[in-house]
Each structure stands twice: as C-alpha cells, then as structure tokens.
Amino acid sequence: MYTGKFGCVISLSTEAKERGLKAGSRLNDVMALCPDFIPIESNPTRYREYHVKIIAILREYCDDVVPKSIDEAIINLNNYKLLYPDPMIIAKKIKRDILEKVGDFLECSIGVAPNAFFGQTRLGNG
C-alpha cells in the first residue's frame, strides 16, 4: 500500500478483517474506523521472492503450474492421477511445505476442483 492519506489498502491481517475492514478501502477511511490500524508500505520485491518460492514448491508436485497473479496459482493434476489419487492429501502436503519451507507467517487456502474455474490456490494472510 501507499501509506499517504489517500493510499489504498491492498491486503489486511486476519485481525483487521475480523474488525470489518475491507481491502480496497482508502487508508484515511480505514484510519477513521480503526485509529490503531498500522499501515505497512508494500514491498513488491519481497512479494516476488515469496511468489518464486511458492511456485517452486508447487512445481515439486506438478509441472503444469500456472501463476494467475502474485498470490494465486493453478496446478493441473489431471495427468498425475496415478501418482496422486487423492488431491486432498496433496493439498495438505502443499500447505505443510509452504509452512515449513516459506514460513509459518504465510497462510494459504487451496481449492480442489474439477477445473481451474472452481479451484485456485490463494496465498496471503487469511
């Protein structure tokens, strides 16, 4: 986020979400609602470093990895059904690997679905 008065909040902690704050809000509006909110300037270089680490973990499981954005990717396991008969087990292993190899500060959700439209991996805090 740009931390100037009219900066845009691009990501929120779980605690901020629980207080009803929304990504995309103007910083001055968020500060009015929550004066103890602590804005942190974005760091695209760091985001890219973590993105690369996470994509590498996904590619340990499958060659068909499509990054959709800095915090989303799709892996296509259709050609890996014999190797990974239960996609839920693989999802749990991927989450564990991200926790162990990238850091316990990063949460992710993994959608398991028959196609890319219904299931995507989303990275982030919460």
# chains A, B, ... in the order shown; residues from 1 in each chain; ligands from 1
>>> select_by_dssp(residues="chain A", states="helix (DSSP H, G or I)", output="number ranges by chain")
A: 14-18, 27-33, 44-61, 78-80, 87-101
>>> closest_atom_pairs(of="region 9-48 of chain A", to="region 66-88 of chain A", cutoff="10 Å", atoms="only C-alpha atoms", output="tab-separated table")
residue	atom	partner	partner_atom	distance
A:Pro44	CA	A:Ile70	CA	9.4
A:Tyr47	CA	A:Ile70	CA	7.3
A:Arg48	CA	A:Ile70	CA	7.1
>>> select_by_dssp(residues="region 9-98 of chain A", states="strand (DSSP E or B)", output="ChimeraX atom specification")
/A:26,65-69,72-75
>>> residues_around(residues="Ile10 (chain A)", least_positions_apart="5", cutoff="9 Å", atoms="only C-alpha atoms", output="list in words")
Met1, Lys22, Ala23, Gly24, Ser25 and Ser42 of chain A
>>> write_last_selection(atoms="N, CA and C atoms", output="PDB file, in the first residue's frame")
ATOM      1  N   MET A   1       0.840  -1.170   0.000  1.00  0.00           N
ATOM      2  CA  MET A   1       0.000   0.000   0.000  1.00  0.00           C
ATOM      3  C   MET A   1       0.883   1.232   0.000  1.00  0.00           C
ATOM      4  N   LYS A  22     -12.001  -3.694   5.020  1.00  0.00           N
ATOM      5  CA  LYS A  22     -12.049  -4.306   3.696  1.00  0.00           C
ATOM      6  C   LYS A  22     -10.869  -3.864   2.847  1.00  0.00           C
ATOM      7  N   ALA A  23     -10.281  -4.816   2.120  1.00  0.00           N
ATOM      8  CA  ALA A  23      -9.242  -4.486   1.147  1.00  0.00           C
ATOM      9  C   ALA A  23      -9.864  -3.599   0.073  1.00  0.00           C
ATOM     10  N   GLY A  24      -9.076  -2.674  -0.447  1.00  0.00           N
ATOM     11  CA  GLY A  24      -9.559  -1.740  -1.446  1.00  0.00           C
ATOM     12  C   GLY A  24     -10.026  -0.420  -0.859  1.00  0.00           C
ATOM     13  N   SER A  25     -10.104  -0.356   0.472  1.00  0.00           N
ATOM     14  CA  SER A  25     -10.519   0.881   1.140  1.00  0.00           C
ATOM     15  C   SER A  25      -9.390   1.901   1.118  1.00  0.00           C
ATOM     16  N   SER A  42       3.837  -1.372   0.927  1.00  0.00           N
ATOM     17  CA  SER A  42       4.027  -2.590   0.135  1.00  0.00           C
ATOM     18  C   SER A  42       5.490  -2.759  -0.246  1.00  0.00           C
TER      19      SER A  42
END
>>> residues_around(residues="region 30-34 of chain A", least_positions_apart="5", cutoff="12 Å", atoms="only C-alpha atoms", output="PDB file with N, CA and C atoms, in the first residue's frame")
ATOM      1  N   THR A   3       1.300   4.567   1.709  1.00  0.00           N
ATOM      2  CA  THR A   3       0.838   4.963   3.044  1.00  0.00           C
ATOM      3  C   THR A   3       0.428   6.424   3.145  1.00  0.00           C
ATOM      4  N   GLY A   4       0.344   7.131   2.023  1.00  0.00           N
ATOM      5  CA  GLY A   4      -0.158   8.501   2.059  1.00  0.00           C
ATOM      6  C   GLY A   4      -1.635   8.523   2.430  1.00  0.00           C
ATOM      7  N   LYS A   5      -2.146   9.693   2.706  1.00  0.00           N
ATOM      8  CA  LYS A   5      -3.517   9.853   3.198  1.00  0.00           C
ATOM      9  C   LYS A   5      -4.556   9.126   2.332  1.00  0.00           C
ATOM     10  N   PHE A   6      -4.396   9.185   1.030  1.00  0.00           N
ATOM     11  CA  PHE A   6      -5.375   8.570   0.136  1.00  0.00           C
ATOM     12  C   PHE A   6      -4.882   7.253  -0.455  1.00  0.00           C
ATOM     13  N   GLY A   7      -3.906   6.622   0.211  1.00  0.00           N
ATOM     14  CA  GLY A   7      -3.421   5.319  -0.230  1.00  0.00           C
ATOM     15  C   GLY A   7      -4.519   4.276  -0.158  1.00  0.00           C
ATOM     16  N   CYS A   8      -4.353   3.210  -0.881  1.00  0.00           N
ATOM     17  CA  CYS A   8      -5.330   2.135  -0.937  1.00  0.00           C
ATOM     18  C   CYS A   8      -4.806   0.934  -0.159  1.00  0.00           C
ATOM     19  N   VAL A   9      -5.635   0.365   0.692  1.00  0.00           N
ATOM     20  CA  VAL A   9      -5.278  -0.823   1.460  1.00  0.00           C
ATOM     21  C   VAL A   9      -5.445  -2.024   0.537  1.00  0.00           C
ATOM     22  N   ILE A  10      -4.357  -2.748   0.266  1.00  0.00           N
ATOM     23  CA  ILE A  10      -4.426  -3.864  -0.676  1.00  0.00           C
ATOM     24  C   ILE A  10      -4.523  -5.220   0.008  1.00  0.00           C
ATOM     25  N   LEU A  12      -5.091  -7.158   4.146  1.00  0.00           N
ATOM     26  CA  LEU A  12      -5.380  -6.953   5.560  1.00  0.00           C
ATOM     27  C   LEU A  12      -5.010  -8.190   6.370  1.00  0.00           C
ATOM     28  N   GLU A  15      -6.813 -10.123  11.811  1.00  0.00           N
ATOM     29  CA  GLU A  15      -7.406  -9.291  12.868  1.00  0.00           C
ATOM     30  C   GLU A  15      -8.159  -8.097  12.280  1.00  0.00           C
ATOM     31  N   ALA A  16      -7.585  -7.478  11.256  1.00  0.00           N
ATOM     32  CA  ALA A  16      -8.251  -6.332  10.627  1.00  0.00           C
ATOM     33  C   ALA A  16      -9.539  -6.775   9.932  1.00  0.00           C
ATOM     34  N   LYS A  17      -9.505  -7.928   9.285  1.00  0.00           N
ATOM     35  CA  LYS A  17     -10.711  -8.451   8.639  1.00  0.00           C
ATOM     36  C   LYS A  17     -11.793  -8.736   9.670  1.00  0.00           C
ATOM     37  N   GLU A  18     -11.387  -9.287  10.810  1.00  0.00           N
ATOM     38  CA  GLU A  18     -12.353  -9.584  11.873  1.00  0.00           C
ATOM     39  C   GLU A  18     -13.027  -8.319  12.401  1.00  0.00           C
ATOM     40  N   ARG A  19     -12.339  -7.179  12.266  1.00  0.00           N
ATOM     41  CA  ARG A  19     -12.914  -5.896  12.708  1.00  0.00           C
ATOM     42  C   ARG A  19     -13.740  -5.237  11.612  1.00  0.00           C
ATOM     43  N   GLY A  20     -13.917  -5.936  10.489  1.00  0.00           N
ATOM     44  CA  GLY A  20     -14.778  -5.447   9.420  1.00  0.00           C
ATOM     45  C   GLY A  20     -14.100  -4.591   8.379  1.00  0.00           C
ATOM     46  N   LEU A  21     -12.780  -4.452   8.441  1.00  0.00           N
ATOM     47  CA  LEU A  21     -12.067  -3.654   7.440  1.00  0.00           C
ATOM     48  C   LEU A  21     -12.012  -4.422   6.125  1.00  0.00           C
ATOM     49  N   LYS A  22     -12.001  -3.694   5.020  1.00  0.00           N
ATOM     50  CA  LYS A  22     -12.049  -4.306   3.696  1.00  0.00           C
ATOM     51  C   LYS A  22     -10.869  -3.864   2.847  1.00  0.00           C
ATOM     52  N   ALA A  23     -10.281  -4.816   2.120  1.00  0.00           N
ATOM     53  CA  ALA A  23      -9.242  -4.486   1.147  1.00  0.00           C
ATOM     54  C   ALA A  23      -9.864  -3.599   0.073  1.00  0.00           C
ATOM     55  N   GLY A  24      -9.076  -2.674  -0.447  1.00  0.00           N
ATOM     56  CA  GLY A  24      -9.559  -1.740  -1.446  1.00  0.00           C
ATOM     57  C   GLY A  24     -10.026  -0.420  -0.859  1.00  0.00           C
ATOM     58  N   SER A  25     -10.104  -0.356   0.472  1.00  0.00           N
ATOM     59  CA  SER A  25     -10.519   0.881   1.140  1.00  0.00           C
ATOM     60  C   SER A  25      -9.390   1.901   1.118  1.00  0.00           C
ATOM     61  N   PRO A  39      -0.511   0.885   9.147  1.00  0.00           N
ATOM     62  CA  PRO A  39      -0.246   0.656   7.722  1.00  0.00           C
ATOM     63  C   PRO A  39       1.217   0.281   7.481  1.00  0.00           C
TER      64      PRO A  39
END
>>> residues_around(residues="Asp97 (chain A)", least_positions_apart="3", cutoff="12 Å", atoms="only C-alpha atoms", output="mmCIF file with all heavy atoms, in the first residue's frame")
data_model
loop_
_atom_site.group_PDB
_atom_site.id
_atom_site.type_symbol
_atom_site.label_atom_id
_atom_site.label_comp_id
_atom_site.auth_asym_id
_atom_site.auth_seq_id
_atom_site.Cartn_x
_atom_site.Cartn_y
_atom_site.Cartn_z
ATOM 1 N N LYS A 53 9.347 -18.689 -4.466
ATOM 2 C CA LYS A 53 9.496 -19.833 -3.557
ATOM 3 C C LYS A 53 8.261 -20.732 -3.589
ATOM 4 O O LYS A 53 8.373 -21.962 -3.609
ATOM 5 C CB LYS A 53 9.725 -19.357 -2.125
ATOM 6 C CG LYS A 53 11.068 -18.730 -1.874
ATOM 7 C CD LYS A 53 11.168 -18.261 -0.420
ATOM 8 C CE LYS A 53 12.465 -17.540 -0.149
ATOM 9 N NZ LYS A 53 12.567 -17.104 1.261
ATOM 10 N N ILE A 54 7.104 -20.130 -3.570
ATOM 11 C CA ILE A 54 5.871 -20.912 -3.528
ATOM 12 C C ILE A 54 5.623 -21.620 -4.855
ATOM 13 O O ILE A 54 5.227 -22.791 -4.873
ATOM 14 C CB ILE A 54 4.694 -20.016 -3.116
ATOM 15 C CG1 ILE A 54 4.880 -19.615 -1.642
ATOM 16 C CG2 ILE A 54 3.357 -20.713 -3.332
ATOM 17 C CD1 ILE A 54 4.028 -18.471 -1.196
ATOM 18 N N ILE A 55 5.865 -20.953 -5.966
ATOM 19 C CA ILE A 55 5.710 -21.601 -7.270
ATOM 20 C C ILE A 55 6.670 -22.785 -7.372
ATOM 21 O O ILE A 55 6.311 -23.843 -7.895
ATOM 22 C CB ILE A 55 5.917 -20.591 -8.423
ATOM 23 C CG1 ILE A 55 4.830 -19.509 -8.392
ATOM 24 C CG2 ILE A 55 5.953 -21.300 -9.773
ATOM 25 C CD1 ILE A 55 3.404 -20.002 -8.518
ATOM 26 N N ALA A 56 7.865 -22.655 -6.838
ATOM 27 C CA ALA A 56 8.823 -23.766 -6.845
ATOM 28 C C ALA A 56 8.277 -24.959 -6.056
ATOM 29 O O ALA A 56 8.443 -26.111 -6.475
ATOM 30 C CB ALA A 56 10.169 -23.311 -6.282
ATOM 31 N N ILE A 57 7.636 -24.699 -4.934
ATOM 32 C CA ILE A 57 7.028 -25.787 -4.153
ATOM 33 C C ILE A 57 5.933 -26.461 -4.969
ATOM 34 O O ILE A 57 5.866 -27.696 -5.040
ATOM 35 C CB ILE A 57 6.468 -25.251 -2.813
ATOM 36 C CG1 ILE A 57 7.622 -24.879 -1.881
ATOM 37 C CG2 ILE A 57 5.550 -26.297 -2.155
ATOM 38 C CD1 ILE A 57 7.197 -24.131 -0.640
ATOM 39 N N LEU A 58 5.079 -25.684 -5.608
ATOM 40 C CA LEU A 58 4.015 -26.269 -6.424
ATOM 41 C C LEU A 58 4.590 -27.125 -7.543
ATOM 42 O O LEU A 58 4.069 -28.204 -7.844
ATOM 43 C CB LEU A 58 3.117 -25.171 -6.995
ATOM 44 C CG LEU A 58 2.359 -24.312 -5.989
ATOM 45 C CD1 LEU A 58 1.577 -23.210 -6.708
ATOM 46 C CD2 LEU A 58 1.449 -25.153 -5.114
ATOM 47 N N ARG A 59 5.694 -26.680 -8.136
ATOM 48 C CA ARG A 59 6.310 -27.431 -9.242
ATOM 49 C C ARG A 59 7.000 -28.709 -8.766
ATOM 50 O O ARG A 59 7.320 -29.567 -9.585
ATOM 51 C CB ARG A 59 7.278 -26.528 -9.999
ATOM 52 C CG ARG A 59 6.525 -25.501 -10.823
ATOM 53 C CD ARG A 59 7.348 -24.862 -11.907
ATOM 54 N NE ARG A 59 6.466 -24.057 -12.751
ATOM 55 C CZ ARG A 59 6.611 -22.768 -12.982
ATOM 56 N NH1 ARG A 59 7.625 -22.115 -12.456
ATOM 57 N NH2 ARG A 59 5.766 -22.136 -13.751
ATOM 58 N N GLU A 60 7.211 -28.856 -7.459
ATOM 59 C CA GLU A 60 7.707 -30.132 -6.930
ATOM 60 C C GLU A 60 6.644 -31.218 -7.083
ATOM 61 O O GLU A 60 6.960 -32.396 -7.128
ATOM 62 C CB GLU A 60 8.086 -29.995 -5.462
ATOM 63 C CG GLU A 60 9.322 -29.159 -5.220
ATOM 64 C CD GLU A 60 9.622 -28.966 -3.739
ATOM 65 O OE1 GLU A 60 9.007 -29.668 -2.895
ATOM 66 O OE2 GLU A 60 10.468 -28.116 -3.423
ATOM 67 N N TYR A 61 5.393 -30.831 -7.154
ATOM 68 C CA TYR A 61 4.291 -31.776 -7.259
ATOM 69 C C TYR A 61 3.799 -31.977 -8.681
ATOM 70 O O TYR A 61 3.224 -33.012 -9.003
ATOM 71 C CB TYR A 61 3.117 -31.305 -6.388
ATOM 72 C CG TYR A 61 3.422 -31.404 -4.922
ATOM 73 C CD1 TYR A 61 3.962 -30.326 -4.232
ATOM 74 C CD2 TYR A 61 3.202 -32.586 -4.231
ATOM 75 C CE1 TYR A 61 4.262 -30.421 -2.887
ATOM 76 C CE2 TYR A 61 3.506 -32.688 -2.885
ATOM 77 C CZ TYR A 61 4.032 -31.601 -2.217
ATOM 78 O OH TYR A 61 4.336 -31.695 -0.888
ATOM 79 N N ILE A 90 -2.678 -34.243 -1.308
ATOM 80 C CA ILE A 90 -1.669 -33.370 -1.928
ATOM 81 C C ILE A 90 -1.863 -31.934 -1.454
ATOM 82 O O ILE A 90 -0.896 -31.227 -1.167
ATOM 83 C CB ILE A 90 -1.742 -33.457 -3.468
ATOM 84 C CG1 ILE A 90 -1.406 -34.874 -3.908
ATOM 85 C CG2 ILE A 90 -0.821 -32.437 -4.128
ATOM 86 C CD1 ILE A 90 -0.132 -35.433 -3.325
ATOM 87 N N ALA A 91 -3.101 -31.480 -1.357
ATOM 88 C CA ALA A 91 -3.369 -30.116 -0.884
ATOM 89 C C ALA A 91 -2.789 -29.922 0.512
ATOM 90 O O ALA A 91 -2.141 -28.910 0.795
ATOM 91 C CB ALA A 91 -4.874 -29.849 -0.884
ATOM 92 N N LYS A 92 -2.986 -30.899 1.381
ATOM 93 C CA LYS A 92 -2.451 -30.807 2.747
ATOM 94 C C LYS A 92 -0.928 -30.814 2.748
ATOM 95 O O LYS A 92 -0.292 -30.094 3.520
ATOM 96 C CB LYS A 92 -2.998 -31.938 3.609
ATOM 97 C CG LYS A 92 -4.466 -31.765 3.919
ATOM 98 C CD LYS A 92 -5.028 -32.948 4.688
ATOM 99 C CE LYS A 92 -6.527 -32.761 4.891
ATOM 100 N NZ LYS A 92 -7.158 -33.927 5.510
ATOM 101 N N LYS A 93 -0.314 -31.608 1.868
ATOM 102 C CA LYS A 93 1.153 -31.645 1.781
ATOM 103 C C LYS A 93 1.703 -30.317 1.266
ATOM 104 O O LYS A 93 2.725 -29.838 1.749
ATOM 105 C CB LYS A 93 1.600 -32.801 0.884
ATOM 106 C CG LYS A 93 1.422 -34.153 1.524
ATOM 107 C CD LYS A 93 1.911 -35.263 0.607
ATOM 108 C CE LYS A 93 1.760 -36.614 1.278
ATOM 109 N NZ LYS A 93 2.254 -37.710 0.431
ATOM 110 N N ILE A 94 1.022 -29.728 0.296
ATOM 111 C CA ILE A 94 1.460 -28.427 -0.230
ATOM 112 C C ILE A 94 1.391 -27.377 0.869
ATOM 113 O O ILE A 94 2.324 -26.593 1.055
ATOM 114 C CB ILE A 94 0.623 -28.023 -1.459
ATOM 115 C CG1 ILE A 94 0.957 -28.930 -2.644
ATOM 116 C CG2 ILE A 94 0.859 -26.551 -1.816
ATOM 117 C CD1 ILE A 94 0.017 -28.782 -3.825
ATOM 118 N N GLU A 100 6.526 -25.014 6.160
ATOM 119 C CA GLU A 100 7.885 -25.386 6.566
ATOM 120 C C GLU A 100 8.976 -24.707 5.747
ATOM 121 O O GLU A 100 10.017 -24.347 6.288
ATOM 122 C CB GLU A 100 8.046 -26.906 6.470
ATOM 123 C CG GLU A 100 7.218 -27.669 7.487
ATOM 124 C CD GLU A 100 7.293 -29.186 7.322
ATOM 125 O OE1 GLU A 100 7.982 -29.665 6.396
ATOM 126 O OE2 GLU A 100 6.638 -29.885 8.111
ATOM 127 N N LYS A 101 8.768 -24.535 4.450
ATOM 128 C CA LYS A 101 9.829 -24.038 3.574
ATOM 129 C C LYS A 101 9.787 -22.534 3.311
ATOM 130 O O LYS A 101 10.794 -21.948 2.929
ATOM 131 C CB LYS A 101 9.786 -24.781 2.231
ATOM 132 C CG LYS A 101 10.052 -26.265 2.365
ATOM 133 C CD LYS A 101 9.919 -26.971 1.033
ATOM 134 C CE LYS A 101 10.145 -28.462 1.176
ATOM 135 N NZ LYS A 101 9.983 -29.170 -0.109
ATOM 136 N N VAL A 102 8.612 -21.925 3.485
ATOM 137 C CA VAL A 102 8.491 -20.489 3.236
ATOM 138 C C VAL A 102 8.371 -19.735 4.551
ATOM 139 O O VAL A 102 9.037 -18.748 4.765
ATOM 140 C CB VAL A 102 7.304 -20.171 2.303
ATOM 141 C CG1 VAL A 102 7.198 -18.676 2.065
ATOM 142 C CG2 VAL A 102 7.454 -20.909 0.987
ATOM 143 N N GLY A 103 7.512 -20.209 5.444
ATOM 144 C CA GLY A 103 7.383 -19.564 6.742
ATOM 145 C C GLY A 103 6.002 -19.726 7.324
ATOM 146 O O GLY A 103 5.014 -19.774 6.591
ATOM 147 N N ASP A 104 5.943 -19.791 8.637
ATOM 148 C CA ASP A 104 4.666 -20.001 9.315
ATOM 149 C C ASP A 104 3.813 -18.740 9.378
ATOM 150 O O ASP A 104 2.679 -18.771 9.832
ATOM 151 C CB ASP A 104 4.868 -20.569 10.714
ATOM 152 C CG ASP A 104 5.645 -19.634 11.624
ATOM 153 O OD1 ASP A 104 6.089 -18.566 11.173
ATOM 154 O OD2 ASP A 104 5.813 -19.992 12.800
ATOM 155 N N LEU A 106 2.807 -17.214 6.717
ATOM 156 C CA LEU A 106 2.054 -17.164 5.478
ATOM 157 C C LEU A 106 1.000 -18.263 5.466
ATOM 158 O O LEU A 106 1.316 -19.431 5.610
ATOM 159 C CB LEU A 106 2.990 -17.339 4.280
ATOM 160 C CG LEU A 106 2.362 -17.217 2.906
ATOM 161 C CD1 LEU A 106 1.823 -15.804 2.698
ATOM 162 C CD2 LEU A 106 3.381 -17.542 1.834
ATOM 163 N N GLU A 107 -0.239 -17.856 5.339
ATOM 164 C CA GLU A 107 -1.337 -18.806 5.244
ATOM 165 C C GLU A 107 -1.704 -18.987 3.777
ATOM 166 O O GLU A 107 -1.474 -18.110 2.957
ATOM 167 C CB GLU A 107 -2.556 -18.285 5.994
ATOM 168 C CG GLU A 107 -2.327 -18.092 7.474
ATOM 169 C CD GLU A 107 -3.534 -17.488 8.172
ATOM 170 O OE1 GLU A 107 -4.626 -17.431 7.565
ATOM 171 O OE2 GLU A 107 -3.381 -17.078 9.317
ATOM 172 N N CYS A 108 -2.286 -20.132 3.460
ATOM 173 C CA CYS A 108 -2.804 -20.297 2.114
ATOM 174 C C CYS A 108 -4.058 -21.145 2.166
ATOM 175 O O CYS A 108 -4.255 -21.940 3.080
ATOM 176 C CB CYS A 108 -1.758 -20.890 1.182
ATOM 177 S SG CYS A 108 -1.602 -22.671 1.208
#
>>> atom_distance(atom1="CA of Thr14 (chain A)", atom2="CA of Ile89 (chain A)")
25.7 Å
